[in-house]
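**Q** Have a look at the structure that comes next, please.
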Amino acid sequence: MIRLDVDAFEAYVTNMLIPSRDRGLIPFKVWGPQQYLVRQMAAGLERDVHEFIVLKGARQVGGSTLMDAMTLWWGQENPGTQGMVVSDEDDNA
């Protein structure tokens with residue numbers, strides 16, 4: 001069974017630096033809505049649910065940043081996972 005170790009994920013992201021529009025690079029702080037999403041995904045996996053639809057709310061909840069971090073973490077924590085993470089810069093728009 002695939003599991004999501006919430007504590008391990010939160011420990012991982014709190015060691016990350018993320019870009020802030022106002023303050024440059026800052027430590028990743030997990031906010032309440034982000035904690036809720038991760039815990040709901042973990043609960044779903046415990047019930048053998050493997051597909052989730054996430055309706056991302058306002059920019060301020062940090063949904064995109066959280067899912068970017070989850071993508072990086074997931075591949076490292078789950079042997080056999082195949083994938084690629086590609087990102088771009090605003091200057092290339």
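Labels used: A, B, ... for chains in the order of the structure tokens, numbers from 1 for residues in each chain, and numbers from 1 for ligands as shown.
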Each residue of segment 8-69 of chain A with at least one atom at most 9 Å from segment 73-86 of chain A should appear once, together with its nearest atom pair and the corresponding distance in Å (one decimal); atoms considered: only C-alpha atoms; ordering: chain, then increasing residue number; output as a tab-separated table.

**A**
```
residue	atom	partner	partner_atom	distance
A:Phe9	CA	A:Trp73	CA	7.1
A:Tyr12	CA	A:Trp73	CA	7.4
A:Val13	CA	A:Trp73	CA	8.3
A:Asp68	CA	A:Val85	CA	8.7
A:Ala69	CA	A:Trp73	CA	6.1
```

**Q** Please, which residues of chain A, numbered as in this document, come out strand (DSSP E or B) from DSSP, as a ChimeraX atom specification?

**A** /A:17-20,24-27

**Q** Fewer than 3 positions away in the same chain doesn't count, so skip those; otherwise give me all residues within 8 Å of Trp31 of chain A, counting only C-alpha atoms, as number ranges by chain.

**A** A: 34-35, 61-62

**Q** So that I can see what lies close to Pro19 of chain A, please list as a list in words the residues with an atom at most 10 Å from it, counting only C-alpha atoms and leaving out residues fewer than 6 positions away in the same chain.

**A** Leu25, Ile26, Pro27, Phe28 and Thr65 of chain A

**Q** Limited to N, CA and C atoms, could you put the picked residues into a file as a short mmCIF file (atom, residue, chain, number, x, y, z; two decimals), in the first residue's frame?

**A**
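See again-v7.cif below for the written result:
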```cif
data_model
loop_
_atom_site.label_atom_id
_atom_site.label_comp_id
_atom_site.auth_asym_id
_atom_site.auth_seq_id
_atom_site.Cartn_x
_atom_site.Cartn_y
_atom_site.Cartn_z
N LEU A 25 14.05 34.86 -1.45
CA LEU A 25 13.98 33.48 -0.98
C LEU A 25 13.69 33.45 0.52
N ILE A 26 12.69 32.65 0.89
CA ILE A 26 12.29 32.53 2.28
C ILE A 26 12.10 31.05 2.62
N PRO A 27 12.18 30.67 3.90
CA PRO A 27 11.90 29.28 4.27
C PRO A 27 10.45 28.92 3.99
N PHE A 28 10.22 27.69 3.58
CA PHE A 28 8.87 27.19 3.33
C PHE A 28 8.18 27.02 4.68
N THR A 65 2.81 25.95 -4.81
CA THR A 65 4.10 25.71 -4.15
C THR A 65 4.09 24.38 -3.43
#
```

**Q** From the list A:Glu89, A:Gly32, A:Leu55, A:Leu66, which residue is nearest Ile18 of chain A when using only C-alpha atoms?

**A**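 Answer, going by the shortest atom-to-atom distance: A:Leu66.
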
**Q** I want to know what sits within 8 Å of Leu45 of chain A, based on only C-alpha atoms, with residues of the same chain fewer than 4 positions away left out; could you give that as a compact mmCIF listing (two decimals) with N, CA, C and O atoms, in the first residue's frame?

**A**
```txt
# COMPACT_ATOMS: atom_id res chain seq x y z
N ILE A 2 0.52 2.20 -0.81
CA ILE A 2 1.24 3.47 -0.87
C ILE A 2 0.76 4.35 0.28
O ILE A 2 -0.43 4.46 0.53
N ARG A 3 1.72 4.95 0.99
CA ARG A 3 1.38 5.82 2.11
C ARG A 3 2.03 7.17 1.92
O ARG A 3 3.04 7.29 1.26
N LEU A 4 1.46 8.16 2.54
CA LEU A 4 2.04 9.50 2.55
C LEU A 4 2.37 9.82 4.01
O LEU A 4 1.46 9.97 4.83
N MET A 41 -4.98 14.01 1.62
CA MET A 41 -4.38 13.07 0.66
C MET A 41 -3.89 11.82 1.38
O MET A 41 -4.07 10.70 0.90
N VAL A 49 -7.43 5.13 -1.95
CA VAL A 49 -7.81 6.08 -3.00
C VAL A 49 -6.52 6.61 -3.61
O VAL A 49 -5.62 7.04 -2.89
N HIS A 50 -6.41 6.57 -4.93
CA HIS A 50 -5.16 6.97 -5.59
C HIS A 50 -5.33 8.10 -6.58
O HIS A 50 -4.38 8.48 -7.26
```
